[in-house]
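Okay, target.txt now, which holds compact mmCIF, C-alpha atoms:
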```
# COMPACT_ATOMS: atom_id res chain seq x y z
CA MET A 1 12.88 -7.16 -42.83
CA GLY A 2 10.78 -10.31 -43.12
CA THR A 3 10.76 -10.93 -39.39
CA GLU A 4 9.17 -7.60 -38.79
CA ARG A 5 6.51 -8.30 -41.38
CA ASP A 6 5.61 -11.81 -40.19
CA LEU A 7 5.68 -10.77 -36.56
CA GLN A 8 3.72 -7.58 -37.24
CA ARG A 9 1.09 -9.55 -39.13
CA LEU A 10 0.70 -11.92 -36.17
CA LEU A 11 0.54 -8.97 -33.77
CA ASP A 12 -2.14 -7.33 -35.92
CA GLU A 13 -4.25 -10.46 -36.06
CA LEU A 14 -3.88 -11.16 -32.33
CA GLY A 15 -4.76 -7.54 -31.62
CA ARG A 16 -8.16 -8.02 -33.29
CA LEU A 17 -9.14 -10.57 -30.64
CA PRO A 18 -11.38 -9.31 -27.83
CA GLY A 19 -9.53 -8.30 -24.67
CA ILE A 20 -6.11 -8.51 -26.34
CA GLY A 21 -4.26 -5.20 -26.24
CA PRO A 22 -0.84 -4.52 -27.77
CA LYS A 23 1.02 -5.82 -24.68
CA SER A 24 -0.92 -9.10 -24.54
CA ALA A 25 -0.57 -9.54 -28.30
CA GLN A 26 3.18 -9.20 -27.94
CA ARG A 27 3.39 -11.66 -25.04
CA ILE A 28 1.36 -14.19 -27.01
CA ALA A 29 3.33 -13.63 -30.23
CA TYR A 30 6.63 -14.21 -28.45
CA HIS A 31 5.22 -17.25 -26.71
CA LEU A 32 4.22 -18.61 -30.12
CA LEU A 33 7.67 -17.83 -31.54
CA GLU A 34 9.34 -19.63 -28.65
CA CYS A 35 7.02 -22.58 -28.21
CA ASP A 36 7.23 -26.04 -29.74
CA PRO A 37 6.15 -25.85 -33.43
CA GLN A 38 3.59 -28.59 -32.68
CA GLU A 39 1.87 -26.38 -30.12
CA ALA A 40 1.57 -23.45 -32.55
CA ARG A 41 0.27 -25.81 -35.23
CA ARG A 42 -2.33 -27.27 -32.84
CA LEU A 43 -3.64 -23.78 -32.08
CA ALA A 44 -3.82 -22.84 -35.77
CA ASP A 45 -5.59 -26.12 -36.55
CA ALA A 46 -8.06 -25.69 -33.69
CA ILE A 47 -8.99 -22.24 -35.05
CA ILE A 48 -9.50 -23.58 -38.57
CA ASP A 49 -11.39 -26.68 -37.45
CA VAL A 50 -13.79 -24.76 -35.27
CA LYS A 51 -14.65 -22.50 -38.22
CA GLU A 52 -14.98 -25.42 -40.63
CA HIS A 53 -16.95 -27.82 -38.46
CA VAL A 54 -19.14 -25.60 -36.35
CA HIS A 55 -22.40 -24.29 -37.81
CA PHE A 56 -25.76 -23.34 -36.35
CA CYS A 57 -28.24 -25.88 -34.95
CA SER A 58 -31.19 -26.09 -37.34
CA ARG A 59 -33.60 -26.07 -34.38
CA CYS A 60 -32.28 -23.60 -31.80
CA PHE A 61 -29.40 -21.78 -33.61
CA ASN A 62 -26.87 -22.71 -30.95
CA TYR A 63 -23.53 -23.90 -32.31
CA ALA A 64 -23.62 -27.43 -33.70
CA THR A 65 -21.46 -29.73 -35.77
CA ALA A 66 -24.34 -32.05 -36.63
CA ASP A 67 -27.71 -30.83 -37.95
CA GLU A 68 -28.83 -30.27 -34.35
CA CYS A 69 -26.76 -29.17 -31.35
CA PRO A 70 -25.92 -31.55 -28.48
CA ILE A 71 -28.60 -29.98 -26.27
CA CYS A 72 -31.43 -30.37 -28.83
CA GLN A 73 -30.27 -33.96 -29.40
CA ASP A 74 -30.19 -34.78 -25.70
CA SER A 75 -33.35 -36.79 -24.91
CA THR A 76 -32.89 -36.31 -21.15
CA ARG A 77 -33.54 -32.53 -21.34
CA ASP A 78 -36.89 -31.07 -20.29
CA ARG A 79 -38.51 -30.44 -23.69
CA THR A 80 -41.38 -28.33 -22.34
CA ARG A 81 -39.19 -25.28 -21.61
CA ILE A 82 -37.28 -23.01 -23.96
CA CYS A 83 -34.78 -20.49 -22.67
CA VAL A 84 -34.39 -17.64 -25.18
CA VAL A 85 -30.95 -16.01 -25.34
CA GLY A 86 -29.22 -13.51 -27.58
CA GLU A 87 -26.03 -15.38 -28.48
CA PRO A 88 -24.63 -18.92 -28.31
CA ARG A 89 -22.18 -17.79 -25.61
CA ASP A 90 -25.21 -17.13 -23.37
CA VAL A 91 -26.15 -20.81 -23.70
CA SER A 92 -22.73 -21.74 -22.30
CA ALA A 93 -23.12 -19.27 -19.45
CA ILE A 94 -26.48 -20.74 -18.42
CA GLU A 95 -25.29 -24.33 -18.90
CA ARG A 96 -22.40 -23.65 -16.53
CA THR A 97 -24.84 -22.81 -13.72
CA GLY A 98 -26.28 -26.32 -13.85
CA SER A 99 -29.63 -24.74 -12.84
CA TYR A 100 -31.46 -25.25 -16.12
CA HIS A 101 -32.30 -28.47 -17.92
CA GLY A 102 -34.64 -27.36 -20.69
CA LEU A 103 -34.01 -26.42 -24.32
CA TYR A 104 -32.71 -23.14 -25.76
CA HIS A 105 -33.44 -20.78 -28.61
CA VAL A 106 -30.69 -18.42 -29.76
CA LEU A 107 -32.03 -15.22 -31.33
CA GLY A 108 -28.71 -14.30 -32.94
CA GLY A 109 -28.81 -10.82 -31.43
CA VAL A 110 -31.35 -8.53 -29.79
CA ILE A 111 -33.77 -5.89 -31.03
CA SER A 112 -31.84 -2.67 -31.56
CA PRO A 113 -33.55 0.06 -33.61
CA MET A 114 -30.28 2.05 -33.62
CA ASP A 115 -28.54 -0.78 -35.48
CA LYS A 116 -31.66 -1.45 -37.58
CA ILE A 117 -32.12 -4.87 -35.98
CA GLY A 118 -35.78 -5.78 -35.55
CA PRO A 119 -37.52 -9.14 -34.97
CA ASP A 120 -37.14 -9.96 -38.69
CA GLN A 121 -33.35 -9.86 -38.41
CA LEU A 122 -33.45 -12.31 -35.48
CA HIS A 123 -34.57 -15.95 -35.24
CA VAL A 124 -37.97 -14.91 -33.88
CA ARG A 125 -40.05 -16.48 -36.66
CA GLU A 126 -38.29 -19.81 -36.01
CA LEU A 127 -39.05 -19.47 -32.28
CA LEU A 128 -42.74 -18.93 -33.00
CA ALA A 129 -42.70 -21.96 -35.34
CA ARG A 130 -41.22 -24.05 -32.53
CA LEU A 131 -43.91 -22.85 -30.13
CA GLY A 132 -46.47 -24.04 -32.71
CA SER A 133 -44.93 -27.46 -33.34
CA GLU A 134 -43.22 -28.42 -30.05
CA ASP A 135 -45.01 -28.99 -26.75
CA ILE A 136 -43.66 -25.91 -24.94
CA GLN A 137 -45.18 -24.78 -21.64
CA GLU A 138 -42.75 -22.07 -20.60
CA VAL A 139 -40.52 -19.61 -22.41
CA ILE A 140 -37.81 -18.15 -20.16
CA ILE A 141 -36.45 -14.94 -21.64
CA ALA A 142 -32.78 -14.62 -20.74
CA THR A 143 -31.68 -11.69 -22.87
CA ASN A 144 -29.20 -9.37 -21.12
CA PRO A 145 -30.61 -6.96 -18.50
CA ASN A 146 -29.83 -3.86 -20.59
CA ILE A 147 -32.00 -1.63 -22.81
CA GLU A 148 -31.87 -3.81 -25.92
CA GLY A 149 -32.32 -6.99 -23.90
CA GLU A 150 -35.34 -5.54 -22.08
CA THR A 151 -36.88 -4.27 -25.32
CA THR A 152 -36.45 -7.71 -26.85
CA ALA A 153 -37.92 -9.33 -23.73
CA SER A 154 -41.07 -7.17 -23.76
CA TYR A 155 -41.54 -7.68 -27.49
CA LEU A 156 -41.31 -11.46 -27.07
CA ALA A 157 -43.58 -11.43 -24.02
CA ARG A 158 -46.24 -9.46 -25.93
CA THR A 159 -45.99 -11.85 -28.89
CA ILE A 160 -45.89 -15.15 -26.99
CA LYS A 161 -48.30 -14.62 -24.08
CA PRO A 162 -51.41 -14.58 -26.38
CA LEU A 163 -50.44 -18.15 -27.41
CA GLY A 164 -51.24 -19.27 -23.85
CA ILE A 165 -47.64 -20.06 -23.00
CA THR A 166 -46.09 -18.92 -19.71
CA VAL A 167 -43.39 -16.30 -20.33
CA THR A 168 -40.81 -15.64 -17.59
CA ARG A 169 -37.74 -13.43 -17.29
CA LEU A 170 -34.53 -14.02 -15.34
CA ALA A 171 -34.56 -12.19 -12.00
CA SER A 172 -32.64 -8.95 -11.69
CA GLY A 173 -31.04 -8.05 -8.38
CA LEU A 174 -27.84 -7.87 -6.42
CA PRO A 175 -25.05 -10.19 -7.53
CA VAL A 176 -24.48 -13.00 -5.03
CA GLY A 177 -21.53 -12.05 -2.86
CA GLY A 178 -21.94 -8.46 -4.02
CA ASP A 179 -21.87 -5.45 -1.74
CA LEU A 180 -24.90 -3.17 -1.31
CA GLU A 181 -22.65 -0.16 -1.04
CA TYR A 182 -21.12 -0.75 -4.45
CA ALA A 183 -24.28 -1.73 -6.34
CA ASP A 184 -25.37 0.78 -8.98
CA GLU A 185 -28.72 2.47 -8.31
CA LEU A 186 -30.57 0.66 -11.09
CA THR A 187 -29.57 -2.76 -9.80
CA LEU A 188 -30.31 -1.81 -6.22
CA GLY A 189 -33.68 -0.35 -7.30
CA ARG A 190 -34.54 -3.58 -9.09
CA ALA A 191 -33.47 -5.60 -6.07
CA ILE A 192 -35.81 -3.57 -3.86
CA GLU A 193 -38.73 -3.84 -6.26
CA ALA A 194 -38.20 -7.59 -6.67
CA ARG A 195 -37.80 -8.21 -2.91
CA ARG A 196 -39.01 -11.60 -1.72
CA ALA A 197 -40.77 -12.65 1.49
CA LEU A 198 -38.54 -14.77 3.72
CA MET B 1 -21.15 -33.74 -29.47
CA GLY B 2 -18.69 -32.53 -32.10
CA THR B 3 -19.23 -28.88 -31.22
CA GLU B 4 -18.14 -29.52 -27.69
CA ARG B 5 -15.03 -31.30 -28.89
CA ASP B 6 -13.94 -28.70 -31.47
CA LEU B 7 -14.72 -25.83 -29.12
CA GLN B 8 -13.04 -27.53 -26.16
CA ARG B 9 -9.94 -28.16 -28.24
CA LEU B 10 -9.79 -24.48 -29.19
CA LEU B 11 -10.36 -23.47 -25.55
CA ASP B 12 -7.55 -25.80 -24.44
CA GLU B 13 -5.11 -24.42 -27.00
CA LEU B 14 -6.01 -20.80 -26.26
CA GLY B 15 -5.67 -21.52 -22.53
CA ARG B 16 -2.02 -22.45 -23.05
CA LEU B 17 -1.20 -18.91 -24.20
CA PRO B 18 0.37 -16.60 -21.61
CA GLY B 19 -2.09 -14.37 -19.78
CA ILE B 20 -5.12 -16.17 -21.20
CA GLY B 21 -7.31 -17.62 -18.46
CA PRO B 22 -10.49 -19.65 -18.99
CA LYS B 23 -12.68 -16.52 -19.30
CA SER B 24 -10.45 -14.86 -21.90
CA ALA B 25 -10.12 -18.14 -23.79
CA GLN B 26 -13.89 -18.36 -23.97
CA ARG B 27 -14.30 -14.76 -25.13
CA ILE B 28 -11.71 -15.31 -27.84
CA ALA B 29 -13.16 -18.67 -28.89
CA TYR B 30 -16.64 -17.17 -29.29
CA HIS B 31 -15.20 -14.23 -31.16
CA LEU B 32 -13.51 -16.67 -33.53
CA LEU B 33 -16.74 -18.63 -33.93
CA GLU B 34 -18.66 -15.47 -34.74
CA CYS B 35 -16.12 -13.64 -36.89
CA ASP B 36 -15.71 -13.66 -40.63
CA PRO B 37 -14.05 -16.98 -41.69
CA GLN B 38 -11.35 -14.92 -43.48
CA GLU B 39 -10.36 -13.29 -40.21
CA ALA B 40 -9.97 -16.65 -38.43
CA ARG B 41 -8.00 -18.00 -41.37
CA ARG B 42 -5.69 -14.96 -41.34
CA LEU B 43 -4.91 -15.52 -37.66
CA ALA B 44 -4.24 -19.23 -38.20
CA ASP B 45 -2.00 -18.43 -41.19
CA ALA B 46 -0.13 -15.72 -39.29
CA ILE B 47 0.64 -18.24 -36.51
CA ILE B 48 1.88 -20.85 -38.98
CA ASP B 49 3.88 -18.36 -41.07
CA VAL B 50 5.65 -16.89 -38.10
CA LYS B 51 6.74 -20.38 -37.04
CA GLU B 52 7.80 -21.36 -40.55
CA HIS B 53 9.63 -18.21 -41.59
CA VAL B 54 11.18 -16.95 -38.41
CA HIS B 55 14.50 -18.41 -37.24
CA PHE B 56 17.46 -17.09 -35.28
CA CYS B 57 19.89 -14.52 -36.65
CA SER B 58 23.25 -16.23 -37.28
CA ARG B 59 25.06 -13.28 -35.75
CA CYS B 60 23.08 -12.08 -32.74
CA PHE B 61 20.37 -14.79 -32.22
CA ASN B 62 17.54 -12.30 -32.47
CA TYR B 63 14.62 -13.45 -34.62
CA ALA B 64 15.31 -13.29 -38.34
CA THR B 65 13.78 -14.51 -41.58
CA ALA B 66 17.00 -14.02 -43.55
CA ASP B 67 20.41 -15.30 -42.39
CA GLU B 68 20.83 -12.13 -40.34
CA CYS B 69 18.17 -10.09 -38.53
CA PRO B 70 17.12 -6.61 -39.75
CA ILE B 71 19.20 -4.92 -37.03
CA CYS B 72 22.44 -6.76 -37.89
CA GLN B 73 21.78 -5.98 -41.57
CA ASP B 74 21.17 -2.28 -40.91
CA SER B 75 24.32 -0.40 -41.92
CA THR B 76 23.16 2.77 -40.12
CA ARG B 77 23.45 1.16 -36.65
CA ASP B 78 26.38 1.92 -34.38
CA ARG B 79 28.49 -1.23 -34.84
CA THR B 80 30.85 -0.49 -31.93
CA ARG B 81 28.27 -1.32 -29.25
CA ILE B 82 26.57 -4.61 -28.39
CA CYS B 83 23.62 -4.74 -26.01
CA VAL B 84 23.38 -8.21 -24.43
CA VAL B 85 19.86 -9.41 -23.57
CA GLY B 86 18.29 -12.66 -22.43
CA GLU B 87 15.54 -13.09 -25.00
CA PRO B 88 14.51 -11.68 -28.40
CA ARG B 89 11.52 -9.96 -26.73
CA ASP B 90 14.02 -7.85 -24.79
CA VAL B 91 15.39 -6.56 -28.11
CA SER B 92 11.90 -5.31 -28.99
CA ALA B 93 11.52 -3.67 -25.58
CA ILE B 94 14.79 -1.76 -25.99
CA GLU B 95 14.08 -0.89 -29.64
CA ARG B 96 10.77 0.65 -28.60
CA THR B 97 12.59 3.14 -26.35
CA GLY B 98 14.39 4.62 -29.36
CA SER B 99 17.32 5.30 -26.98
CA TYR B 100 19.75 2.73 -28.40
CA HIS B 101 21.22 2.49 -31.87
CA GLY B 102 23.85 -0.21 -31.54
CA LEU B 103 23.77 -3.95 -32.15
CA TYR B 104 22.41 -6.74 -29.94
CA HIS B 105 23.36 -10.18 -28.76
CA VAL B 106 20.63 -12.48 -27.49
CA LEU B 107 21.88 -15.03 -24.96
CA GLY B 108 18.82 -17.25 -25.29
CA GLY B 109 18.28 -17.27 -21.51
CA VAL B 110 20.24 -16.40 -18.39
CA ILE B 111 22.56 -18.30 -16.07
CA SER B 112 20.42 -20.30 -13.66
CA PRO B 113 22.15 -23.05 -11.68
CA MET B 114 18.75 -24.25 -10.39
CA ASP B 115 17.67 -25.01 -13.97
CA LYS B 116 21.17 -26.28 -14.85
CA ILE B 117 21.69 -23.41 -17.29
CA GLY B 118 25.29 -22.22 -17.35
CA PRO B 119 27.25 -20.13 -19.89
CA ASP B 120 27.62 -23.22 -22.13
CA GLN B 121 23.85 -23.46 -22.55
CA LEU B 122 23.69 -19.80 -23.66
CA HIS B 123 25.14 -17.99 -26.70
CA VAL B 124 28.12 -16.77 -24.67
CA ARG B 125 30.78 -18.39 -26.81
CA GLU B 126 29.29 -16.69 -29.89
CA LEU B 127 29.36 -13.36 -28.03
CA LEU B 128 33.05 -13.78 -27.22
CA ALA B 129 33.72 -14.70 -30.86
CA ARG B 130 32.01 -11.47 -31.95
CA LEU B 131 34.12 -9.47 -29.49
CA GLY B 132 37.16 -11.02 -31.14
CA SER B 133 36.14 -10.41 -34.75
CA GLU B 134 33.99 -7.24 -34.65
CA ASP B 135 35.25 -3.80 -33.63
CA ILE B 136 33.30 -3.55 -30.35
CA GLN B 137 34.10 -0.83 -27.82
CA GLU B 138 31.24 -1.27 -25.33
CA VAL B 139 29.11 -4.17 -24.16
CA ILE B 140 25.91 -3.03 -22.43
CA ILE B 141 24.52 -5.82 -20.30
CA ALA B 142 20.72 -5.57 -20.27
CA THR B 143 19.70 -8.81 -18.58
CA ASN B 144 16.74 -8.46 -16.22
CA PRO B 145 17.40 -6.86 -12.82
CA ASN B 146 16.69 -10.09 -10.90
CA ILE B 147 18.96 -12.74 -9.35
CA GLU B 148 19.59 -14.72 -12.54
CA GLY B 149 20.00 -11.54 -14.59
CA GLU B 150 22.51 -10.11 -12.10
CA THR B 151 24.43 -13.39 -11.92
CA THR B 152 24.64 -13.44 -15.69
CA ALA B 153 25.71 -9.79 -15.75
CA SER B 154 28.56 -10.30 -13.28
CA TYR B 155 29.73 -13.44 -15.08
CA LEU B 156 29.83 -11.56 -18.41
CA ALA B 157 31.53 -8.54 -16.84
CA ARG B 158 34.26 -10.78 -15.33
CA THR B 159 34.76 -12.51 -18.67
CA ILE B 160 34.69 -9.47 -20.97
CA LYS B 161 36.52 -6.77 -18.96
CA PRO B 162 39.94 -8.50 -19.33
CA LEU B 163 39.53 -8.12 -23.11
CA GLY B 164 39.84 -4.34 -22.64
CA ILE B 165 36.23 -3.68 -23.64
CA THR B 166 34.02 -1.33 -21.59
CA VAL B 167 31.20 -3.25 -19.89
CA THR B 168 28.15 -1.34 -18.66
CA ARG B 169 24.85 -2.31 -17.05
CA LEU B 170 21.42 -0.69 -17.39
CA ALA B 171 20.68 1.63 -14.45
CA SER B 172 18.39 0.38 -11.69
CA GLY B 173 16.13 2.86 -9.94
CA LEU B 174 12.64 4.19 -9.54
CA PRO B 175 10.36 3.76 -12.54
CA VAL B 176 9.65 7.08 -14.27
CA GLY B 177 6.26 8.32 -13.08
CA GLY B 178 6.45 5.87 -10.18
CA ASP B 179 5.68 6.71 -6.60
CA LEU B 180 8.33 6.57 -3.87
CA GLU B 181 5.77 5.35 -1.39
CA TYR B 182 4.95 2.29 -3.48
CA ALA B 183 8.47 1.36 -4.56
CA ASP B 184 9.78 -1.90 -3.07
CA GLU B 185 12.74 -1.55 -0.72
CA LEU B 186 15.23 -3.14 -3.10
CA THR B 187 14.38 -0.73 -5.92
CA LEU B 188 14.37 2.25 -3.58
CA GLY B 189 17.71 1.09 -2.12
CA ARG B 190 19.20 0.86 -5.58
CA ALA B 191 17.83 4.26 -6.47
CA ILE B 192 19.53 5.77 -3.41
CA GLU B 193 22.86 4.05 -4.08
CA ALA B 194 22.80 5.12 -7.73
CA ARG B 195 21.78 8.72 -6.96
CA ARG B 196 23.08 11.30 -9.41
CA ALA B 197 24.34 14.83 -8.89
CA LEU B 198 21.96 17.43 -10.32
```

Just give me the structure as structure tokens.
Amino acid sequence: MGTERDLQRLLDELGRLPGIGPKSAQRIAYHLLECDPQEARRLADAIIDVKEHVHFCSRCFNYATADECPICQDSTRDRTRICVVGEPRDVSAIERTGSYHGLYHVLGGVISPMDKIGPDQLHVRELLARLGSEDIQEVIIATNPNIEGETTASYLARTIKPLGITVTRLASGLPVGGDLEYADELTLGRAIEARRAL
Amino acid sequence: MGTERDLQRLLDELGRLPGIGPKSAQRIAYHLLECDPQEARRLADAIIDVKEHVHFCSRCFNYATADECPICQDSTRDRTRICVVGEPRDVSAIERTGSYHGLYHVLGGVISPMDKIGPDQLHVRELLARLGSEDIQEVIIATNPNIEGETTASYLARTIKPLGITVTRLASGLPVGGDLEYADELTLGRAIEARRAL
């Protein structure tokens, strides 16, 4: 009954991954059973290596293998702007747009009184230290446009503005290519409030 | 730039899995980066163990960790029936129905002249050997209801019937809970041809 146990264990572990339901877990497990042993080994190694090598950047708390992440180390970036995000994955999302060339600061979450997460549980103190020691002119707050993200954004704005640094927030509005008819009321409301002269 | 390399390698390997596109790969990669190291290690180990421990059953070519798979070893199964399937995953699919209690034989593929796969490339000879040595009364052909599956089914039927063994095929028809309006013509045609008296 060993097959069942090994296979079930793999199914269980795959099932813990985000977006992987029982059907997907089974497809992947069978793929792994059928594939070249080298391919399965490469996947297992990639998982282990990423956990062993990747830590947090000592400056911005993005993922890094060296002391600082590639973005903090990149001397061609605009070092007068910091974009504040909740998680490292948000850095990737913004990098993919190609629209931003400044630095980042990853909070490691957002303020959420329900989950007992306040500024002290986030990398807020380190952000304020950077604003004191680096030559920052603008902080762009790019937390998610939901309740926790907005709470975090207003807290940061209140804390940072008195330092004489410009604080901005990503625009809310209709998704590009989206359809007015299908927009939820909150988004549409924001889009109306934030309307721009053409 | 090590982060990029380790992360990219993980994204590449995840992207090779069936049903995992770039977005899913990224979600999973970030989950693995963020999760408890023990969880990532368990997944990596489960992948390696399944490849190391799981081989093919010497009797039916289902997955097995011992010489024979749990089903062939199970003395409570009906040993007069063999259900012939293309792949080990098909065994799981049929087992999940709970409607079948006989043995299996996994062909390891289906006849496909385009891919130069004929009976000799499949475990057909081993099936015929079993029909000679085991006390089999019925062979249920459960290859997929597509061209290759049907070709394989008719080949097996032609080969096995002369041995005086009953050969049956899974019924084709409308999916349970399906909608007549949305059924493709082939399925609907089959359902009409195979109509049953009530």

Could you make a table, as a Markdown table, of the residues of chain A that have an atom within 9 Å of an atom of chain B, each with its nearest atom pair and distance in Å to one decimal, counting all atoms listed in the file, in chain and number order?
```
| residue | atom | partner | partner_atom | distance |
| --- | --- | --- | --- | --- |
| A:Met1 | CA | B:Pro70 | CA | 5.3 |
| A:Gly2 | CA | B:Thr65 | CA | 5.4 |
| A:Thr3 | CA | B:Thr65 | CA | 5.2 |
| A:Glu4 | CA | B:Pro70 | CA | 8.1 |
| A:Asp6 | CA | B:Val50 | CA | 5.5 |
| A:Leu7 | CA | B:Val50 | CA | 6.3 |
| A:Arg9 | CA | B:Ala46 | CA | 6.3 |
| A:Leu10 | CA | B:Ala46 | CA | 5.0 |
| A:Leu11 | CA | B:Ala46 | CA | 8.7 |
| A:Asp12 | CA | B:Leu43 | CA | 8.8 |
| A:Glu13 | CA | B:Leu43 | CA | 5.3 |
| A:Leu14 | CA | B:Leu43 | CA | 7.0 |
| A:Arg16 | CA | B:Glu39 | CA | 9.0 |
| A:Leu17 | CA | B:Ile28 | CA | 6.1 |
| A:Pro18 | CA | B:Ile28 | CA | 6.0 |
| A:Gly19 | CA | B:Ser24 | CA | 7.2 |
| A:Ile20 | CA | B:Ser24 | CA | 8.9 |
| A:Ser24 | CA | B:Gly19 | CA | 7.2 |
| A:Gln26 | CA | B:Arg89 | CA | 8.5 |
| A:Arg27 | CA | B:Pro18 | CA | 6.7 |
| A:Ile28 | CA | B:Pro18 | CA | 6.0 |
| A:Ala29 | CA | B:Ile47 | CA | 8.2 |
| A:Tyr30 | CA | B:Arg89 | CA | 6.7 |
| A:His31 | CA | B:Pro18 | CA | 7.1 |
| A:Leu32 | CA | B:Ile47 | CA | 7.3 |
| A:Leu33 | CA | B:Lys51 | CA | 6.1 |
| A:Glu34 | CA | B:Lys51 | CA | 8.8 |
| A:Pro37 | CA | B:Lys51 | CA | 6.6 |
| A:Glu39 | CA | B:Glu13 | CA | 7.9 |
| A:Ala40 | CA | B:Ile47 | CA | 6.6 |
| A:Arg41 | CA | B:Ile48 | CA | 6.4 |
| A:Arg42 | CA | B:Glu13 | CA | 7.1 |
| A:Leu43 | CA | B:Glu13 | CA | 5.3 |
| A:Ala44 | CA | B:Ala44 | CA | 4.4 |
| A:Asp45 | CA | B:Ala44 | CA | 7.2 |
| A:Ala46 | CA | B:Leu10 | CA | 5.0 |
| A:Ile47 | CA | B:Leu10 | CA | 6.3 |
| A:Ile48 | CA | B:Arg41 | CA | 6.4 |
| A:Asp49 | CA | B:Asp6 | CA | 6.8 |
| A:Val50 | CA | B:Asp6 | CA | 5.5 |
| A:Lys51 | CA | B:Leu33 | CA | 6.1 |
| A:Glu52 | CA | B:Pro37 | CA | 8.6 |
| A:His53 | CA | B:Asp6 | CA | 7.7 |
| A:Val54 | CA | B:Thr3 | CA | 6.1 |
| A:His55 | CA | B:Thr3 | CA | 8.6 |
| A:Tyr63 | CA | B:Thr3 | CA | 6.7 |
| A:Ala64 | CA | B:Thr3 | CA | 5.2 |
| A:Thr65 | CA | B:Thr3 | CA | 5.1 |
| A:Ala66 | CA | B:Gly2 | CA | 7.3 |
| A:Cys69 | CA | B:Met1 | CA | 7.5 |
| A:Pro70 | CA | B:Met1 | CA | 5.3 |
| A:Ile71 | CA | B:Met1 | CA | 8.9 |
| A:Pro88 | CA | B:Tyr30 | CA | 8.2 |
| A:Arg89 | CA | B:Tyr30 | CA | 6.7 |
```

Fill in: Protein/DNA/RNA residues near (30.3, -0.1, -24.9), cut 10 Å, all atoms listed in the file, as a ChimeraX atom specification
/B:80-83,102,136-141,165-169

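Here CA of Cys57 (chain A) and CA of Ala93 (chain A) stand 17.6 Å from one another.
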
Put the listed atoms of region 50-69 of chain A in a box along x, y and z with 3 Å added on every side and give me the centre and edge lengths in Å to one decimal, as JSON.
```
{"center_x": -23.7, "center_y": -26.9, "center_z": -35.8, "size_x": 25.8, "size_y": 16.3, "size_z": 15.7}
```

Worksheet item: Mind pulling up the distance from CA of Val124 (chain B) to CA of Leu186 (chain B)?
Response: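 CA of Val124 (chain B) lies 28.6 Å from CA of Leu186 (chain B).
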
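The interatomic distance for the pair CA of Ala171 (chain A) and CA of Ala194 (chain A) works out to 7.9 Å.
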